[in-house]
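Trainee: Before we start, here is the structure in question, set down as structure tokens.
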Amino acid sequence: MRANLNDSQQIAKDVSQSPSSLFILWREMIKDKLALISLVVLSCILLIVYGSALFLDQDKIVKVDLLSIYAPPSAEHWLGTDYGGRDILGQLIIGARNSFTIGLLITLLTGFIGLAIGLIAGYYGGIIDNVIMRIIDFILVLPFLMLVIVFVAIVPKYNVFTFILIMSAFLWTGKARLIRAKTLAERELDYVSASKTLGTPDWKIMIREILPNLSSIIIVNLTLNLAGNIGIESGLSYLGFGLPESTPSLGTLVSYATNPDVLQNKWWVWLPASLLILVIMLCINFIGQALKRAADARQRLG
Amino acid sequence: MEFLKVNHLKVYYPIRSGFFRRVVGHVKAVDDISFQLNRGETYGLVGESGCGKTTTGRTLIGLIKATAGEILLEGKDLAKLNRRERSYHRKDIQMIFQDPYSSLNPKKRVLDIIAEPIRNFEKLSPQEEKRKVQYLIERVGLHPDSIYKYPHEFSGGQRQRIGIARALTLHPKLIIADEPVSALDVSVQAQVLNFMKDIQTEFQLTYLFISHDLGIIRHMCDRIGIMYRGQFVEEGASQEIFNNPQHIYTKRLISAIPNVDPRKKQEQIKLRQHVEKEYKLSWQRYFNAEGKAYPLKRISDTHSVAIL
Amino acid sequence: MSNQPVLQIENLRVSFRVHDAYYAAVDGVSLNVHKNEVLAVVGESGCGKSALALSIMGLHPPAKTKLEGKILFHGTDLLSLSVHELNKIRGKDIGMIFQDPLTALNPLMTVGRQIEEGMDFHLSLSSLEKRGRTIELLERVGIPNPNQVYHRYPHELSGGMRQRIVIAMAIACHPSLIIADEPTTALDVTIQSQIMDLLRELQQQMNTGIVLITHDLGVVAEMADRVAVMYAGEIVEMADVYTLFDRPLHPYTRSLLQSIPSAQHPKERLHVIQGIVPPLQKLPRTGCRFRSRIGWIDESEHEEQPILREVEPGHFVRCICYKNFHFPHDHIGDMKYGIS
Amino acid sequence: MLKFILRRIMMMIPQLLILSILVFALAKAMPGDALTGQLAQSPKMDANTLMEMREKLGLNDPVHIQYVRWVKNLLHGDLGLSYIHQQPVTDLLSGRLANTLLLSACVLLLTYLIAIPLGLVSGRWQDSWADKLIVGYSYVSFATPLFIFALVMLFVFGFKLGWFPTGGSVDIQVEKGTLDYYINKFYHLLLPALSGALIGTVGIIQYLRSEIIDTKVKDFVKTARAKGIPESKIYSHHILRNSFLPIAAFLGYEITGLIGGSIFLESIYSYPGLGQLFLQSIMQRDYSVVTALVMISGLATLIGTLLSDIILSAVDPRIRIE
């Protein structure tokens, strides 16, 4: 009945737990050198990519120039050209912008859906929860990659938005599951019972009481998912079932390497894009892992 | 008229089993209990874990749905009210929770925690609201400036008092206190118990005090109901229960409390052995074949026991 | 009790690392436990009593803990032993009973296996002998149908049964000392009394010494032969159980006894100890550690360097502030409910 | 136990049903049917013959009748006809199925072989230099997309260093059935399997590590120490068994990952398996093959989750109770 804390728990209890999880996470994260460096690098990349994309003429970049096919790096084309004589650097910048933006949009959309459904399933429980969980379990056992490819292949009027929708239709499930599990745990805590007895309506309890207590988990999850989504998008584009051809992606550049000659001898075509994907994903992941450690540590203390 | 009357309250949970998860039976968390509270008294609900005392308290306040039975507050059946009426009557019953850590949202300031019910039921300007919260927080013995702090900045006893302040904001008539001190250290327990006694007279409160600790129940309560497996086995005034227990379960419970006087150690052990012998010998007098208690039988004006 | 004590703790300091500094949770504790004796260590959460218990068993994570002083078990200093050497003693000569019997048992192992496991390393018995002994142990701790329970998993048993299993594990190799860390706290009262009876009975049969860690003064009164009261990492008072309850001297002991509802005067106002137990990092390290919580007693009443003094044979008290201690006449401390 | 498995299989039935409906709906939504391919090969066929053939194949029947027929055929192992290759899909799959199964089994085996020891070391000696290295590796491989890693592996070990073959499942000149044949096959398998495994280990390493770290501070581990049990036995008897539970629970999702992974690996290493077939078929719009492959993959994942639940219930006595 009586929970006697042992001493180490007591110490933990005394360590101040600040209310603003965002602030705490931020403070803990910038203590982590690797994460801080990642943040700086990522900001630089994004600044350059989004900044210079403003001055680049996409039509000019995707225009075929037969006079300079597979040109190695030179003063004119810093990173050389591809089989159509198109500038790699330009494609790299546009591709990075597209990949990142689309990854972000997918993350936000799935985050929103997952949050709403997870909160509802976890908070109400019972039949609602049962039905939602059955659906989620079903979607999770589907061969995700295959189905996305099939959808991409058969959807009429395929464009960037349909791509985002198709991806989101599968990817919200993981988040919904996570949020549901956490909501289920929070729901059992007495502060939620207290709110109910005080006459607070359910939607307000979900949004004002429970949600703030999930914020750090959500932030960590969204960060790690952002990296994952960029990876999935570029992977699909690599296979040729990602962004439509009119929208260059980093994956498209890498896909030129399916030609063994390009892979072996024309490294400038595929290597920079591969490295850029790697660096972006590493940076986001290091930030995400640092956030996760900060959140875990806080959870242990709290 | 009784202040609160509970008639044949039942809370059952289905047990599912077998291939198709059919309902094969019920866990009878609360199995047909009836009792009443008089205005201004402290009624103690005692029993061991799993006896249904917490479920009873949570059902009264509406956190758990009753399977059957009536809950009459000043003559009105709470279960039959529509949504709006129920939310209005909700103000009359409030709750103090067991765990001072989980019962306060760690992400909210004390001001927002205590003002939550005000925002639900009353439209006050921010100044009025703040004044009201400060009045309450001072009343529970905390500094008025502490309304801008977060729960983690307070000790267990202080948090429990913040919880009480929150329960008081709507001027309730009945407070259900579910193990309000069992998560606290002895010295802090005293603090909260004294305080609860003080505000009882000041705010004219009726308490339903739920606890497993008979020492605290004896200290706080005027009347006591003993619960065992979802049913009442004995009910009566505090002195009657402690000085003249009738049901074997009550006797076991009371004899099990360790005595704080080491010189009475042997006496206590003998008493316990004696009760245990009686329990084994006269089991059928107190429980039916399923191990359930019999219906309560009145043996004096205030004292009822569940015997044949 | 004139013989050599089973356990002698001398000037024990247990410090935990928080960030980069060590803070002592147990600070200069000395005590003895004799054969056939129950020593109760009593105090509120954060007083260091659990840290004391775990340090006897060597169960603190070594990377985060610093242990100083001596823990002599039959004359051998446990703190000087390697883990390998310690493993020959714990589980065999010292048994431990934990607070929560549910978490103290491995959920994936049958209870029979869990009891036998200790014997594997300490006794050379055939598996049939081990089995027989385990069944015997289960019987001894009052478990009906031991042959069946042997094959059960912890989740299939009730809380009281589980605690009996934990006790059976602790006494499996006939230890001469048992450390019981809040053995009844997680249990219902009727189960608590059964477990107390069982422990008392086992102790009389086996002549073991018991260190009983608890916060419950009722359990102390019923179980203990001697009592050590701890506050803020120190023993503030130590005496045999009758002396302690008849003539408590230290202000903390007296306050504690005044703050629990009594059966004799049920409705009387309870005494409230002002303030809070300071967190580990903010523990006062000099002077009388209890002085801030009895503010109405003049500073000059305390000692500068309080020591544990023998005030009558076998009765030890720390600091001289007990001499002129009195409870406040009004309820000032109470009215403010201990604003800190 | 048996009852549990039976109920678990019963629970799979609605999932299977929905899966089959979904796949059937997809097949219907795909442009073209079994005749489109034939039409392409014999363009002289006139509209009347086409109508007749449609009628004969039941393509004009109501949808639900077509669905029932499709399921019936499925149960008989008839997956339809490939439009492009003009042969039964089952024939098309047989050789490739073995290749993909081999590759997936290798990836799975290597993943566990690499991940479990690393996870154990990392969890047991938390914060040691070995742990830091392993955690570092897991972060990097978590961040690396499989297709880039596989491509770089192929570039470095296949092309630049020339240590491994750069495509195919076996060299043509080796005689089938000889020891050389199997060695050669394994040689072709190693680089793709290793690429898949090195990326796939992350989840298991991280879970195992955190599970061990959580388990080793649990009370029952303290109890075991208090019994005087040596540290190595505490790990083997108490910590590991409890820590392996979530990994068993992962198996089902592991298979989803393998299916996705095989698409990338087979396309990069031009390995003749189902993943490669899937990509080819979808590009050639050979939809009956695509449908069959999606159905098979869904089935594989369902069986994977079934297996992991059975393993879990075998290890954890708490799940067995009703």
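Labels used: A, B, ... for chains in the order of the structure tokens, numbers from 1 for residues in each chain, and numbers from 1 for ligands as shown.
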Output as a Markdown table one row per residue of chain B within 8 Å of chain C: the closest atom pair and its distance in Å to one decimal place, counting only C-alpha atoms, sorted by chain and residue number ascending.
Mentor:
```
| residue | atom | partner | partner_atom | distance |
| --- | --- | --- | --- | --- |
| B:Glu48 | CA | C:Asp188 | CA | 5.8 |
| B:Ser49 | CA | C:Asp188 | CA | 6.8 |
| B:Val140 | CA | C:Tyr337 | CA | 8.0 |
| B:Gly141 | CA | C:Lys336 | CA | 5.4 |
| B:Leu142 | CA | C:Ile339 | CA | 6.2 |
| B:His143 | CA | C:Ile339 | CA | 7.7 |
| B:Ser155 | CA | C:Ile276 | CA | 7.3 |
| B:Asp185 | CA | C:Glu44 | CA | 6.1 |
| B:Val186 | CA | C:Ile260 | CA | 6.7 |
| B:Ser187 | CA | C:Ile273 | CA | 5.7 |
| B:Val188 | CA | C:Val272 | CA | 7.1 |
| B:Ala190 | CA | C:Ser259 | CA | 5.6 |
| B:Gln191 | CA | C:Val272 | CA | 5.4 |
| B:Asn194 | CA | C:Leu270 | CA | 6.7 |
| B:Phe195 | CA | C:Tyr337 | CA | 7.7 |
| B:His212 | CA | C:Asp188 | CA | 7.8 |
| B:Gly215 | CA | C:Pro261 | CA | 6.1 |
| B:Ile216 | CA | C:Pro261 | CA | 6.3 |
| B:Arg218 | CA | C:Pro266 | CA | 6.3 |
| B:His219 | CA | C:Pro266 | CA | 4.9 |
| B:Met220 | CA | C:Lys267 | CA | 6.9 |
| B:Arg252 | CA | C:Thr190 | CA | 6.9 |
| B:Leu253 | CA | C:Thr190 | CA | 6.0 |
| B:Ala256 | CA | C:Thr190 | CA | 5.3 |
| B:Ile257 | CA | C:Val189 | CA | 6.4 |
| B:Pro258 | CA | C:Gly218 | CA | 4.8 |
| B:Asn259 | CA | C:Gly218 | CA | 5.4 |
| B:Val260 | CA | C:Gly218 | CA | 4.5 |
| B:Asp261 | CA | C:Ala221 | CA | 6.0 |
| B:Pro262 | CA | C:Ala221 | CA | 4.5 |
| B:Arg263 | CA | C:Tyr242 | CA | 7.1 |
| B:Lys265 | CA | C:Glu222 | CA | 5.5 |
```
Trainee: Could you give me, as an mmCIF file with N, CA and C atoms, in the first residue's frame, the residues within 12 Å of Ser313 of chain D, counting only C-alpha atoms and dropping anything in the same chain fewer than 4 positions from it?
Mentor:
```cif
data_model
loop_
_atom_site.group_PDB
_atom_site.id
_atom_site.type_symbol
_atom_site.label_atom_id
_atom_site.label_comp_id
_atom_site.auth_asym_id
_atom_site.auth_seq_id
_atom_site.Cartn_x
_atom_site.Cartn_y
_atom_site.Cartn_z
ATOM 1 N N LEU C 108 9.383 -15.562 -14.884
ATOM 2 C CA LEU C 108 9.481 -16.637 -15.865
ATOM 3 C C LEU C 108 10.016 -17.943 -15.269
ATOM 4 N N MET D 1 -2.012 -24.399 -24.009
ATOM 5 C CA MET D 1 -1.067 -24.010 -25.041
ATOM 6 C C MET D 1 -1.662 -24.220 -26.437
ATOM 7 N N LEU D 2 -2.193 -25.446 -26.644
ATOM 8 C CA LEU D 2 -2.769 -25.761 -27.937
ATOM 9 C C LEU D 2 -3.968 -24.860 -28.204
ATOM 10 N N LYS D 3 -4.716 -24.634 -27.119
ATOM 11 C CA LYS D 3 -5.901 -23.801 -27.219
ATOM 12 C C LYS D 3 -5.511 -22.382 -27.633
ATOM 13 N N PHE D 4 -4.409 -21.933 -27.048
ATOM 14 C CA PHE D 4 -3.917 -20.593 -27.359
ATOM 15 C C PHE D 4 -3.562 -20.496 -28.844
ATOM 16 N N ILE D 5 -2.844 -21.490 -29.324
ATOM 17 C CA ILE D 5 -2.430 -21.465 -30.734
ATOM 18 C C ILE D 5 -3.666 -21.504 -31.647
ATOM 19 N N ARG D 8 -5.295 -18.239 -31.645
ATOM 20 C CA ARG D 8 -4.469 -17.290 -32.374
ATOM 21 C C ARG D 8 -4.667 -17.495 -33.885
ATOM 22 N N LEU D 245 12.297 -11.535 -24.584
ATOM 23 C CA LEU D 245 10.867 -11.484 -24.917
ATOM 24 C C LEU D 245 10.528 -10.512 -26.042
ATOM 25 N N PRO D 246 10.956 -9.240 -25.946
ATOM 26 C CA PRO D 246 10.551 -8.310 -26.998
ATOM 27 C C PRO D 246 11.122 -8.680 -28.360
ATOM 28 N N ALA D 248 11.478 -11.738 -29.540
ATOM 29 C CA ALA D 248 10.560 -12.729 -30.100
ATOM 30 C C ALA D 248 9.324 -12.028 -30.640
ATOM 31 N N ALA D 249 8.907 -10.993 -29.927
ATOM 32 C CA ALA D 249 7.706 -10.280 -30.356
ATOM 33 C C ALA D 249 7.934 -9.554 -31.675
ATOM 34 N N LEU D 306 2.210 -14.783 -36.313
ATOM 35 C CA LEU D 306 1.694 -15.970 -35.631
ATOM 36 C C LEU D 306 2.834 -16.680 -34.903
ATOM 37 N N LEU D 307 3.926 -16.887 -35.634
ATOM 38 C CA LEU D 307 5.082 -17.558 -35.055
ATOM 39 C C LEU D 307 5.593 -16.813 -33.827
ATOM 40 N N SER D 308 5.690 -15.482 -33.952
ATOM 41 C CA SER D 308 6.264 -14.740 -32.829
ATOM 42 C C SER D 308 5.345 -14.820 -31.616
ATOM 43 N N ASP D 309 4.029 -14.842 -31.837
ATOM 44 C CA ASP D 309 3.121 -14.976 -30.700
ATOM 45 C C ASP D 309 3.247 -16.347 -30.048
ATOM 46 N N PRO D 317 5.216 -17.590 -19.242
ATOM 47 C CA PRO D 317 4.073 -18.304 -18.670
ATOM 48 C C PRO D 317 2.877 -17.389 -18.423
ATOM 49 N N ARG D 318 3.114 -16.093 -18.329
ATOM 50 C CA ARG D 318 1.999 -15.182 -18.028
ATOM 51 C C ARG D 318 1.023 -15.074 -19.186
ATOM 52 N N ILE D 319 1.507 -15.333 -20.405
ATOM 53 C CA ILE D 319 0.634 -15.206 -21.562
ATOM 54 C C ILE D 319 -0.266 -16.430 -21.701
ATOM 55 N N ARG D 320 0.237 -17.572 -21.192
ATOM 56 C CA ARG D 320 -0.500 -18.798 -21.392
ATOM 57 C C ARG D 320 -1.866 -18.805 -20.712
ATOM 58 N N ILE D 321 -1.971 -18.106 -19.578
ATOM 59 C CA ILE D 321 -3.251 -18.174 -18.875
ATOM 60 C C ILE D 321 -4.346 -17.483 -19.660
ATOM 61 N N GLU D 322 -5.510 -17.918 -19.424
ATOM 62 C CA GLU D 322 -6.655 -17.376 -20.164
ATOM 63 C C GLU D 322 -6.985 -15.992 -19.645
#
```
Trainee: Per DSSP on the backbone, filter segment 18-242 of chain B down to the residues in helix (DSSP H, G or I) and report them as a ChimeraX atom specification.
Mentor: /B:53-60,78-80,83-90,110-121,126-139,144-148,151-153,156-168,186-203,214-220,238-242
Trainee: Include C-alpha atoms and write out the residues we just selected as a CSV table (one decimal), in the first residue's frame.
Mentor:
```csv
chain,number,residue,atom,x,y,z
B,53,LYS,CA,-13.9,0.0,-1.3
B,54,THR,CA,-12.1,2.1,-3.9
B,55,THR,CA,-14.6,0.9,-6.6
B,56,THR,CA,-17.4,2.1,-4.4
B,57,GLY,CA,-15.9,5.5,-4.0
B,58,ARG,CA,-15.2,5.9,-7.7
B,59,THR,CA,-18.7,4.8,-8.6
B,60,LEU,CA,-20.2,7.3,-6.3
B,78,LEU,CA,-27.5,10.6,-9.6
B,79,ALA,CA,-27.6,7.7,-12.0
B,80,LYS,CA,-30.9,8.9,-13.5
B,83,ARG,CA,-25.8,15.0,-18.6
B,84,ARG,CA,-26.3,18.6,-17.7
B,85,GLU,CA,-27.9,17.9,-14.3
B,86,ARG,CA,-25.2,15.4,-13.5
B,87,SER,CA,-22.4,17.9,-14.3
B,88,TYR,CA,-24.2,20.4,-12.0
B,89,HIS,CA,-24.4,17.8,-9.2
B,90,ARG,CA,-20.9,16.8,-9.8
B,110,VAL,CA,-0.8,25.3,-9.2
B,111,LEU,CA,-3.0,28.2,-10.4
B,112,ASP,CA,-4.2,26.3,-13.4
B,113,ILE,CA,-4.7,23.1,-11.4
B,114,ILE,CA,-6.9,24.8,-8.7
B,115,ALA,CA,-8.7,27.0,-11.3
B,116,GLU,CA,-9.7,24.1,-13.5
B,117,PRO,CA,-13.1,23.5,-11.9
B,118,ILE,CA,-13.7,27.3,-11.7
B,119,ARG,CA,-13.1,27.5,-15.5
B,120,ASN,CA,-15.6,24.6,-16.0
B,121,PHE,CA,-18.4,26.0,-14.0
B,126,PRO,CA,-8.6,36.4,-14.4
B,127,GLN,CA,-8.3,38.7,-11.4
B,128,GLU,CA,-11.2,37.2,-9.6
B,129,GLU,CA,-10.0,33.8,-10.4
B,130,LYS,CA,-6.6,34.5,-9.1
B,131,ARG,CA,-7.9,36.0,-5.9
B,132,LYS,CA,-10.1,33.0,-5.3
B,133,VAL,CA,-7.2,30.6,-5.9
B,134,GLN,CA,-5.0,32.6,-3.6
B,135,TYR,CA,-7.6,32.5,-0.9
B,136,LEU,CA,-7.8,28.7,-1.2
B,137,ILE,CA,-4.1,28.2,-1.3
B,138,GLU,CA,-3.6,30.3,1.8
B,139,ARG,CA,-6.4,28.4,3.5
B,144,PRO,CA,0.0,32.8,-2.0
B,145,ASP,CA,3.0,33.2,-4.3
B,146,SER,CA,3.1,29.4,-4.7
B,147,ILE,CA,0.3,29.5,-7.3
B,148,TYR,CA,2.9,30.2,-10.0
B,151,PRO,CA,3.7,20.5,-8.5
B,152,HIS,CA,7.2,19.1,-8.4
B,153,GLU,CA,8.3,22.0,-6.3
B,156,GLY,CA,4.1,15.1,-0.7
B,157,GLY,CA,2.1,16.6,2.1
B,158,GLN,CA,1.9,20.0,0.4
B,159,ARG,CA,0.8,18.4,-2.8
B,160,GLN,CA,-1.9,16.6,-1.0
B,161,ARG,CA,-3.1,19.9,0.4
B,162,ILE,CA,-3.1,21.4,-3.1
B,163,GLY,CA,-5.3,18.5,-4.1
B,164,ILE,CA,-7.6,19.3,-1.3
B,165,ALA,CA,-7.7,23.0,-2.3
B,166,ARG,CA,-8.7,21.9,-5.8
B,167,ALA,CA,-11.5,19.8,-4.3
B,168,LEU,CA,-12.7,22.7,-2.2
B,186,VAL,CA,3.8,9.1,9.3
B,187,SER,CA,4.6,12.6,10.3
B,188,VAL,CA,3.1,14.0,7.1
B,189,GLN,CA,0.0,11.9,7.6
B,190,ALA,CA,-0.7,13.7,10.8
B,191,GLN,CA,-0.5,17.0,9.0
B,192,VAL,CA,-3.1,16.0,6.4
B,193,LEU,CA,-5.4,14.3,8.8
B,194,ASN,CA,-5.4,17.3,11.2
B,195,PHE,CA,-6.1,19.6,8.3
B,196,MET,CA,-9.0,17.5,7.0
B,197,LYS,CA,-10.6,17.7,10.4
B,198,ASP,CA,-10.2,21.5,10.5
B,199,ILE,CA,-11.8,22.1,7.1
B,200,GLN,CA,-14.6,19.7,7.8
B,201,THR,CA,-16.1,22.1,10.4
B,202,GLU,CA,-15.2,25.2,8.5
B,203,PHE,CA,-16.7,24.1,5.2
B,214,LEU,CA,-7.8,0.8,10.9
B,215,GLY,CA,-5.8,3.1,13.1
B,216,ILE,CA,-6.5,6.1,10.9
B,217,ILE,CA,-10.1,5.1,10.4
B,218,ARG,CA,-10.6,5.0,14.1
B,219,HIS,CA,-9.0,8.4,14.5
B,220,MET,CA,-11.1,10.0,11.8
B,238,SER,CA,-16.7,3.6,15.5
B,239,GLN,CA,-16.7,2.5,19.1
B,240,GLU,CA,-19.0,-0.3,18.5
B,241,ILE,CA,-16.9,-1.7,15.7
B,242,PHE,CA,-13.7,-1.4,17.6
```
Trainee: Looking at C:Leu138, C:Ala40, C:Leu105, C:Ile307, which one is nearest to chain D, with distances taken over only C-alpha atoms?
Mentor: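 With only C-alpha atoms as the atom set, the closest residue is C:Leu105.
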Trainee: Find the residues of chain A that sit at most 9 Å from chain D; for each, write down the nearest two atoms and how far apart they are in Å, to one decimal. Count only C-alpha atoms. Sort by chain, then by number going up, and give it as JSON lines.
Mentor:
```
{"residue": "A:Phe138", "atom": "CA", "partner": "D:Gln15", "partner_atom": "CA", "distance": 6.6}
{"residue": "A:Leu140", "atom": "CA", "partner": "D:Tyr253", "partner_atom": "CA", "distance": 7.8}
{"residue": "A:Val141", "atom": "CA", "partner": "D:Thr301", "partner_atom": "CA", "distance": 5.7}
{"residue": "A:Leu142", "atom": "CA", "partner": "D:Gly298", "partner_atom": "CA", "distance": 5.5}
{"residue": "A:Pro143", "atom": "CA", "partner": "D:Thr256", "partner_atom": "CA", "distance": 5.7}
{"residue": "A:Phe144", "atom": "CA", "partner": "D:Thr256", "partner_atom": "CA", "distance": 7.4}
{"residue": "A:Leu145", "atom": "CA", "partner": "D:Gly260", "partner_atom": "CA", "distance": 5.5}
{"residue": "A:Met146", "atom": "CA", "partner": "D:Val294", "partner_atom": "CA", "distance": 6.7}
{"residue": "A:Leu147", "atom": "CA", "partner": "D:Val294", "partner_atom": "CA", "distance": 7.3}
{"residue": "A:Ile149", "atom": "CA", "partner": "D:Ile282", "partner_atom": "CA", "distance": 8.3}
{"residue": "A:Val150", "atom": "CA", "partner": "D:Ile282", "partner_atom": "CA", "distance": 7.4}
{"residue": "A:Phe151", "atom": "CA", "partner": "D:Leu26", "partner_atom": "CA", "distance": 8.4}
{"residue": "A:Ala153", "atom": "CA", "partner": "D:Ile282", "partner_atom": "CA", "distance": 7.3}
{"residue": "A:Ile154", "atom": "CA", "partner": "D:Met30", "partner_atom": "CA", "distance": 5.9}
{"residue": "A:Val155", "atom": "CA", "partner": "D:Met30", "partner_atom": "CA", "distance": 8.8}
{"residue": "A:Ala227", "atom": "CA", "partner": "D:Ala143", "partner_atom": "CA", "distance": 7.3}
{"residue": "A:Gly228", "atom": "CA", "partner": "D:Ala143", "partner_atom": "CA", "distance": 7.7}
{"residue": "A:Gly231", "atom": "CA", "partner": "D:Pro145", "partner_atom": "CA", "distance": 5.6}
{"residue": "A:Ile232", "atom": "CA", "partner": "D:Pro145", "partner_atom": "CA", "distance": 7.8}
{"residue": "A:Ser234", "atom": "CA", "partner": "D:Pro145", "partner_atom": "CA", "distance": 8.7}
{"residue": "A:Gly235", "atom": "CA", "partner": "D:Phe147", "partner_atom": "CA", "distance": 6.5}
{"residue": "A:Tyr238", "atom": "CA", "partner": "D:Phe147", "partner_atom": "CA", "distance": 8.1}
{"residue": "A:Leu239", "atom": "CA", "partner": "D:Phe264", "partner_atom": "CA", "distance": 7.8}
{"residue": "A:Val254", "atom": "CA", "partner": "D:Ile148", "partner_atom": "CA", "distance": 7.9}
{"residue": "A:Ala257", "atom": "CA", "partner": "D:Leu151", "partner_atom": "CA", "distance": 8.0}
{"residue": "A:Thr258", "atom": "CA", "partner": "D:Ile268", "partner_atom": "CA", "distance": 6.8}
{"residue": "A:Leu263", "atom": "CA", "partner": "D:Phe155", "partner_atom": "CA", "distance": 6.7}
{"residue": "A:Gln264", "atom": "CA", "partner": "D:Phe159", "partner_atom": "CA", "distance": 6.5}
{"residue": "A:Leu271", "atom": "CA", "partner": "D:Val152", "partner_atom": "CA", "distance": 8.7}
{"residue": "A:Ser274", "atom": "CA", "partner": "D:Ile148", "partner_atom": "CA", "distance": 6.2}
{"residue": "A:Leu275", "atom": "CA", "partner": "D:Ile148", "partner_atom": "CA", "distance": 8.7}
{"residue": "A:Ile277", "atom": "CA", "partner": "D:Thr144", "partner_atom": "CA", "distance": 8.3}
{"residue": "A:Leu278", "atom": "CA", "partner": "D:Thr144", "partner_atom": "CA", "distance": 5.9}
{"residue": "A:Val279", "atom": "CA", "partner": "D:Ala143", "partner_atom": "CA", "distance": 8.8}
{"residue": "A:Ile280", "atom": "CA", "partner": "D:Ala143", "partner_atom": "CA", "distance": 8.9}
{"residue": "A:Met281", "atom": "CA", "partner": "D:Ala143", "partner_atom": "CA", "distance": 5.3}
{"residue": "A:Leu282", "atom": "CA", "partner": "D:Ala143", "partner_atom": "CA", "distance": 5.2}
{"residue": "A:Cys283", "atom": "CA", "partner": "D:Ala143", "partner_atom": "CA", "distance": 8.6}
{"residue": "A:Ile284", "atom": "CA", "partner": "D:Ala143", "partner_atom": "CA", "distance": 8.4}
{"residue": "A:Asn285", "atom": "CA", "partner": "D:Ala143", "partner_atom": "CA", "distance": 6.2}
{"residue": "A:Phe286", "atom": "CA", "partner": "D:Tyr139", "partner_atom": "CA", "distance": 7.4}
{"residue": "A:Gln289", "atom": "CA", "partner": "D:Tyr139", "partner_atom": "CA", "distance": 8.1}
```
Trainee: Might you pull out every residue within 8 Å of Ile113 of chain A, with only C-alpha atoms counted and same-chain residues fewer than 3 positions away left off, and present them as a compact mmCIF listing (two decimals) with all heavy atoms, in the first residue's frame?
Mentor:
```
# COMPACT_ATOMS: atom_id res chain seq x y z
N LEU A 109 1.83 15.11 -41.37
CA LEU A 109 0.51 14.55 -41.63
C LEU A 109 0.28 13.28 -40.81
O LEU A 109 -0.71 13.13 -40.10
CB LEU A 109 0.36 14.25 -43.12
CG LEU A 109 -1.04 13.84 -43.58
CD1 LEU A 109 -2.04 14.93 -43.29
CD2 LEU A 109 -1.04 13.53 -45.08
N THR A 110 1.28 12.35 -40.87
CA THR A 110 1.13 11.12 -40.09
C THR A 110 1.12 11.43 -38.60
O THR A 110 0.41 10.79 -37.84
CB THR A 110 2.27 10.13 -40.38
OG1 THR A 110 3.50 10.80 -40.17
CG2 THR A 110 2.20 9.61 -41.78
N ALA A 116 -4.20 12.05 -33.21
CA ALA A 116 -5.64 12.10 -33.01
C ALA A 116 -6.18 10.70 -32.73
O ALA A 116 -6.88 10.47 -31.73
CB ALA A 116 -6.32 12.69 -34.25
N ILE A 117 -5.80 9.74 -33.57
CA ILE A 117 -6.35 8.40 -33.40
C ILE A 117 -5.81 7.73 -32.14
O ILE A 117 -6.55 7.10 -31.39
CB ILE A 117 -6.05 7.55 -34.66
CG1 ILE A 117 -6.88 8.13 -35.82
CG2 ILE A 117 -6.38 6.09 -34.44
CD1 ILE A 117 -6.72 7.42 -37.12
N TRP A 172 0.91 6.27 -40.52
CA TRP A 172 0.38 6.83 -39.28
C TRP A 172 0.29 5.79 -38.18
O TRP A 172 0.23 6.09 -37.00
CB TRP A 172 -1.00 7.46 -39.49
CG TRP A 172 -2.03 6.48 -39.98
CD1 TRP A 172 -2.29 6.18 -41.28
CD2 TRP A 172 -2.93 5.69 -39.20
NE1 TRP A 172 -3.28 5.24 -41.36
CE2 TRP A 172 -3.70 4.92 -40.09
CE3 TRP A 172 -3.16 5.58 -37.82
CZ2 TRP A 172 -4.69 4.03 -39.66
CZ3 TRP A 172 -4.13 4.69 -37.40
CH2 TRP A 172 -4.88 3.93 -38.31
N ALA A 176 0.29 6.12 -34.05
CA ALA A 176 -0.96 5.94 -33.33
C ALA A 176 -0.78 4.91 -32.21
O ALA A 176 -1.27 5.09 -31.10
CB ALA A 176 -2.06 5.50 -34.28
```
Trainee: Please provide as a ChimeraX atom specification all residues within 10 Å of segment 249-252 of chain A, with the sequence filter that same-chain residues fewer than 3 positions apart are discarded (counting only C-alpha atoms).
Mentor: /A:91-100,102,230-246,255-257,270,272-277 /D:147-148
